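See structure below.
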Amino acid sequence: MTLAASAVEDRAPVRLAGATRPELFRALAEVGVPDRERNMRVSQLWHWIYHRGAREFSAMRNIARPLLEKLAERHDLQRPEIVAEQLSADGTRKWLLRMAPAFPGDRGAEIECVYIPESDRGTLCVSSQVGCTLNCAFCHTGTMPLVRNLTAAEIVGQVLIARDRLGDFPGGTPPSDGLAPSGEGVRAVSNIVFMGMGEPLYNYPAVRDAIGILTDGEGLSLSKRRITVSTSGVVPEMERLGAECGTMLAVSLHATNNGLREKLVPLNRKYPIERLLQACRDYPGASNARRITFEYVMLKGVNDTPAEARALVRLLKGVPAKINLIPFNPWPGSPFECSDWETIERFSEIIFNAGYASPVRTPRGRDILAACGQLKSESEKLRARARMMLEASLIVGQD
Ligand code: SAH
Ligand code: SF4
C-alpha cells in the first residue's frame with residue numbers, strides 16, 4: 001500500500017453520526033486536539049451524538065467553539081437522507097432512505113427501514129446490505145442488481161433517524177400522529193432486528209461495529225438481549241457473533257431436509273443443516289432463557305405439510321429454540337405462493353402441541369404496504385422488501 005493510500009484510509013469519515021470511538025479519536029487528532037485531551041473529547045462527542053442525538057456541532061454546549069468550528073469544517077452529523085416516510089393506521093412507520101454517494105456519480109443506494117410499535121416495545125427492522133448475494137429462491141432482495149455492504153455508520157444511521165423522527169432523544173417531541181410503546185422507561189426504539197435487506201453475517205465487521213455503538217452504555221444504550229441478528233446460516237461467523245456481540249440469534253431455516261433447503265436457501269450447499277444446527281447448539285449464550293429463533297417461511301405445497309411440522313419439531317429437539325412461521329410475501333414474478341391460512345394453522349398447532357408458544361403473529365402495517373403500490377415502479381423491489389421486513393420482524397417475538 002502506498003503512503004498516500006494508507007493516509008486516505010486512516011482519515012476520519014466526513015459524517016460523524018455513526019462513527020466509532022476510534023473514528024472520533026482520529027477526527028480529533030486531525031483537527032489538532034492534543035493527545036492527552038482526545039479521550040475526554042471523544043467521550044463528549046459520543047455523549048452528544050448518541051445520547052443527546054445532536055445534529056449540529058454548535059449544539060454541543062460544553063465544547064469550546066473554536067474546536068467545534070474546526071470539526072464542522074471537515075465533518076458533519078448528517079444522517080442518511082429520508083426520501084419518504086409512511087405511517088400505517090396501526091402506528092407502523094416505514095422510511096425509504098438514501099445513503100450518501102459511495103463514489104463520484106453514485107446516486108446513492110436506497111434501503112428501507114421499518115418501525116413497529118407495540119404496547120411494551122418498539123422494534124426497528126434495519127438493513128445490513130443493499131441487496132444480497134445469496135439468492136434465496138423466495139426472497140426478492142436476492143434479485144436486486146445492486147449489492148454493497150452498508151458501513152457501520154449507515155446501519156447506526158437508521159437507528160438515529162428512527163430516534164430523531166420518534167422524538168426519542170432527550171428533549172424530543174414524539175410525533176402527534178404516531179403510537180409508541182408505553183410503560184416506565186420504555187424507549188420508542190427498544191428493540192432492533194437485523195431483518196431488512198442483506199445477510200448481516202456477510203458484512204460482519206460493520207454489523208459488529210454497529211452493534212458496539214448501539215449497545216454502548218454511554219450512548220444509545222440498547223440492550224444486547226433486545227437486538228436480534230437474522231442469518232441464512234453463515235456458520236463460520238455465528239460463533240463470533242455470539243462471543244463478540246452477545247446478541248440474540250435468528251436462523252432462517254425454512255426446510256427440514258438438505259435437499260429442499262438447498263433449493264430454497266442455496267447457502268445450504270456450503271453449510272448444511274447438521275452443521276447449522278451444531279453451530280446453534282454451540283452459540284455462545286444460548287439457553288432456555290435465551291432461545292434461538294428459527295424462521296420458517298410458509299410456502300404453499302413446498303414445505304408446509306403436517307409431516308414437515310413434525311420433522312421440524314424433531315430436528316430442533318435439544319436446541320433452545322423458538323419457531324416463527326412467516327407467511328410468504330409474494331413479489332412480482334415470484335415462483336411461490338403463501339400457504340393457505342388453514343395449512344399454516346395446522347402446521348402451527350403441531351408446533352404448539354410440541355411446546356412452542358404462539359408461533360404466528362398477525363402482520364401489521366398492511367395499509368401502508370398497500371399504499372406503497374401507488375409509488376413509482378422503480379421502488380417496486382423496495383415495496384416487496386418492506387412488506388417482507390414488516391412481517392418478518394413482527395413475527396420474531398423478543399423477550
Ligand atoms: N439475510 C438474513 C436476514 C434478512 S431476511 C436472513 O436471510 O435471515 C429476514 C427474514 O425474511 C429471513 O428469515 C428471510 O428468509 C425472510 N424472507 C425473505 N423473503 C421473504 C418473503 N418473500 N416472504 C417471507 N419471508 C421472507
Ligand atoms: Fe439474502 Fe436473507 Fe434474502 Fe436469502 S433471505 S437472499 S440471505 S436477504
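Each chain in the C-alpha cells gets a letter, A, B, ..., in the order shown, and its residues are numbered from 1; ligands are numbered from 1 in order too.
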Just the strand (DSSP E or B) stuff from region 151-323 of chain A, please, per backbone DSSP, written as a ChimeraX atom specification. /A:191-194,227-231,248-252,292-299,321-323
Could the residues that lie within 6 Å of ligand 2, counting only C-alpha atoms and all ligand atoms, be listed as a list in words?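 For ligand 2, the residues inside 6 Å are Cys132, Leu134, Asn135, Cys136, Cys139, Thr141, Gly142, Met197, Gly198, Glu199 and Ser232 of chain A.
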Keeping only C-alpha atoms, take the residues you just selected and write them out as a short mmCIF file (atom, residue, chain, number, x, y, z; two decimals), in the first residue's frame.
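Result file is out_27.cif:
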```
data_model
loop_
_atom_site.label_atom_id
_atom_site.label_comp_id
_atom_site.auth_asym_id
_atom_site.auth_seq_id
_atom_site.Cartn_x
_atom_site.Cartn_y
_atom_site.Cartn_z
CA CYS A 132 -27.92 -9.59 -1.09
CA LEU A 134 -27.29 -15.18 -1.53
CA ASN A 135 -30.29 -15.58 -3.83
CA CYS A 136 -32.73 -17.46 -1.65
CA CYS A 139 -36.62 -13.63 -1.42
CA THR A 141 -33.67 -8.94 -2.21
CA GLY A 142 -31.57 -11.66 -3.81
CA MET A 197 -32.03 -6.18 3.30
CA GLY A 198 -28.90 -8.24 3.23
CA GLU A 199 -27.13 -11.02 5.06
CA SER A 232 -29.50 -17.57 6.49
#
```
Closest-contact table, chain A side, partner ligand 1, 6 Å, counting only C-alpha atoms and all ligand atoms, as JSON lines:
```
{"residue": "A:Phe138", "atom": "CA", "partner": "ligand 1", "partner_atom_place_in_ligand_line": "22 (N)", "distance": 5.2}
{"residue": "A:Cys139", "atom": "CA", "partner": "ligand 1", "partner_atom_place_in_ligand_line": "19 (N)", "distance": 3.5}
{"residue": "A:Met195", "atom": "CA", "partner": "ligand 1", "partner_atom_place_in_ligand_line": "4 (C)", "distance": 3.9}
{"residue": "A:Gly196", "atom": "CA", "partner": "ligand 1", "partner_atom_place_in_ligand_line": "4 (C)", "distance": 5.1}
{"residue": "A:Met197", "atom": "CA", "partner": "ligand 1", "partner_atom_place_in_ligand_line": "4 (C)", "distance": 5.5}
{"residue": "A:Gly198", "atom": "CA", "partner": "ligand 1", "partner_atom_place_in_ligand_line": "1 (N)", "distance": 4.8}
{"residue": "A:Glu199", "atom": "CA", "partner": "ligand 1", "partner_atom_place_in_ligand_line": "1 (N)", "distance": 3.6}
{"residue": "A:Ser230", "atom": "CA", "partner": "ligand 1", "partner_atom_place_in_ligand_line": "8 (O)", "distance": 4.2}
{"residue": "A:Thr231", "atom": "CA", "partner": "ligand 1", "partner_atom_place_in_ligand_line": "8 (O)", "distance": 3.7}
{"residue": "A:Ser232", "atom": "CA", "partner": "ligand 1", "partner_atom_place_in_ligand_line": "7 (O)", "distance": 4.1}
{"residue": "A:Val251", "atom": "CA", "partner": "ligand 1", "partner_atom_place_in_ligand_line": "8 (O)", "distance": 5.9}
{"residue": "A:Ser252", "atom": "CA", "partner": "ligand 1", "partner_atom_place_in_ligand_line": "13 (O)", "distance": 4.3}
{"residue": "A:Glu295", "atom": "CA", "partner": "ligand 1", "partner_atom_place_in_ligand_line": "13 (O)", "distance": 5.1}
{"residue": "A:Val297", "atom": "CA", "partner": "ligand 1", "partner_atom_place_in_ligand_line": "25 (N)", "distance": 5.4}
{"residue": "A:Ile326", "atom": "CA", "partner": "ligand 1", "partner_atom_place_in_ligand_line": "24 (C)", "distance": 5.7}
{"residue": "A:Pro327", "atom": "CA", "partner": "ligand 1", "partner_atom_place_in_ligand_line": "24 (C)", "distance": 5.8}
{"residue": "A:Phe328", "atom": "CA", "partner": "ligand 1", "partner_atom_place_in_ligand_line": "23 (N)", "distance": 3.8}
{"residue": "A:Asn329", "atom": "CA", "partner": "ligand 1", "partner_atom_place_in_ligand_line": "23 (N)", "distance": 3.9}
{"residue": "A:Pro330", "atom": "CA", "partner": "ligand 1", "partner_atom_place_in_ligand_line": "22 (N)", "distance": 5.5}
{"residue": "A:Met388", "atom": "CA", "partner": "ligand 1", "partner_atom_place_in_ligand_line": "23 (N)", "distance": 5.2}
{"residue": "A:Ala392", "atom": "CA", "partner": "ligand 1", "partner_atom_place_in_ligand_line": "11 (O)", "distance": 5.2}
```
With C-alpha atoms retained, export the selected residues as a PDB file, in the first residue's frame.
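Full text of again-v3.pdb as output:
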```pdb
ATOM      1  CA  PHE A 138     -38.343 -16.933  -2.199  1.00  0.00           C
ATOM      2  CA  CYS A 139     -36.615 -13.626  -1.421  1.00  0.00           C
ATOM      3  CA  MET A 195     -34.014  -8.478   9.165  1.00  0.00           C
ATOM      4  CA  GLY A 196     -34.005  -5.866   6.476  1.00  0.00           C
ATOM      5  CA  MET A 197     -32.030  -6.183   3.300  1.00  0.00           C
ATOM      6  CA  GLY A 198     -28.902  -8.239   3.234  1.00  0.00           C
ATOM      7  CA  GLU A 199     -27.130 -11.017   5.060  1.00  0.00           C
ATOM      8  CA  SER A 230     -31.049 -12.970  11.477  1.00  0.00           C
ATOM      9  CA  THR A 231     -28.842 -15.173   9.320  1.00  0.00           C
ATOM     10  CA  SER A 232     -29.500 -17.575   6.489  1.00  0.00           C
ATOM     11  CA  VAL A 251     -31.819 -18.528  11.828  1.00  0.00           C
ATOM     12  CA  SER A 252     -33.685 -18.747   8.535  1.00  0.00           C
ATOM     13  CA  GLU A 295     -37.696 -18.640  10.979  1.00  0.00           C
ATOM     14  CA  VAL A 297     -41.445 -19.203   5.651  1.00  0.00           C
ATOM     15  CA  ILE A 326     -43.639 -16.362   8.398  1.00  0.00           C
ATOM     16  CA  PRO A 327     -46.457 -16.168   5.865  1.00  0.00           C
ATOM     17  CA  PHE A 328     -44.714 -15.883   2.479  1.00  0.00           C
ATOM     18  CA  ASN A 329     -44.918 -12.424   0.927  1.00  0.00           C
ATOM     19  CA  PRO A 330     -45.264 -12.768  -2.813  1.00  0.00           C
ATOM     20  CA  MET A 388     -41.388  -8.832   3.959  1.00  0.00           C
ATOM     21  CA  ALA A 392     -40.769 -10.991   9.388  1.00  0.00           C
TER      22      ALA A 392
END
```
Using only C-alpha atoms, the residue out of A:Gly53, A:Gly157, A:Pro66, A:Pro175 with shortest distance to Met99 (chain A) is A:Gly157
Would you mind listing what lies within 9 Å of Arg163 (chain A) as a list of chain:residue names, with only C-alpha atoms counted and same-chain residues fewer than 6 positions away left out?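 Once the nearby chain positions are removed, what remains is A:Gly53, A:Phe169, A:Gly172, A:Ala188, A:Val189.
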With only C-alpha atoms as the basis for distance, which of A:Pro34, A:Pro272, A:Pro335, A:Gly131 is at the shortest distance from Met144 (chain A)?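 Answer, going by the shortest atom-to-atom distance: A:Gly131.
Coordinates place CA of Ile292 (chain A) at a distance of 10.2 Å from CA of Val229 (chain A).
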Minimum-distance residue to Arg187 (chain A), chosen among A:Arg165, A:Arg21, A:Arg208, A:Arg121 (using only C-alpha atoms): A:Arg121
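When only C-alpha atoms are used to compute distances to Lys270 (chain A), the closest of the residues A:Leu150, A:Ala286, A:Val235, A:Met60 turns out to be A:Val235.
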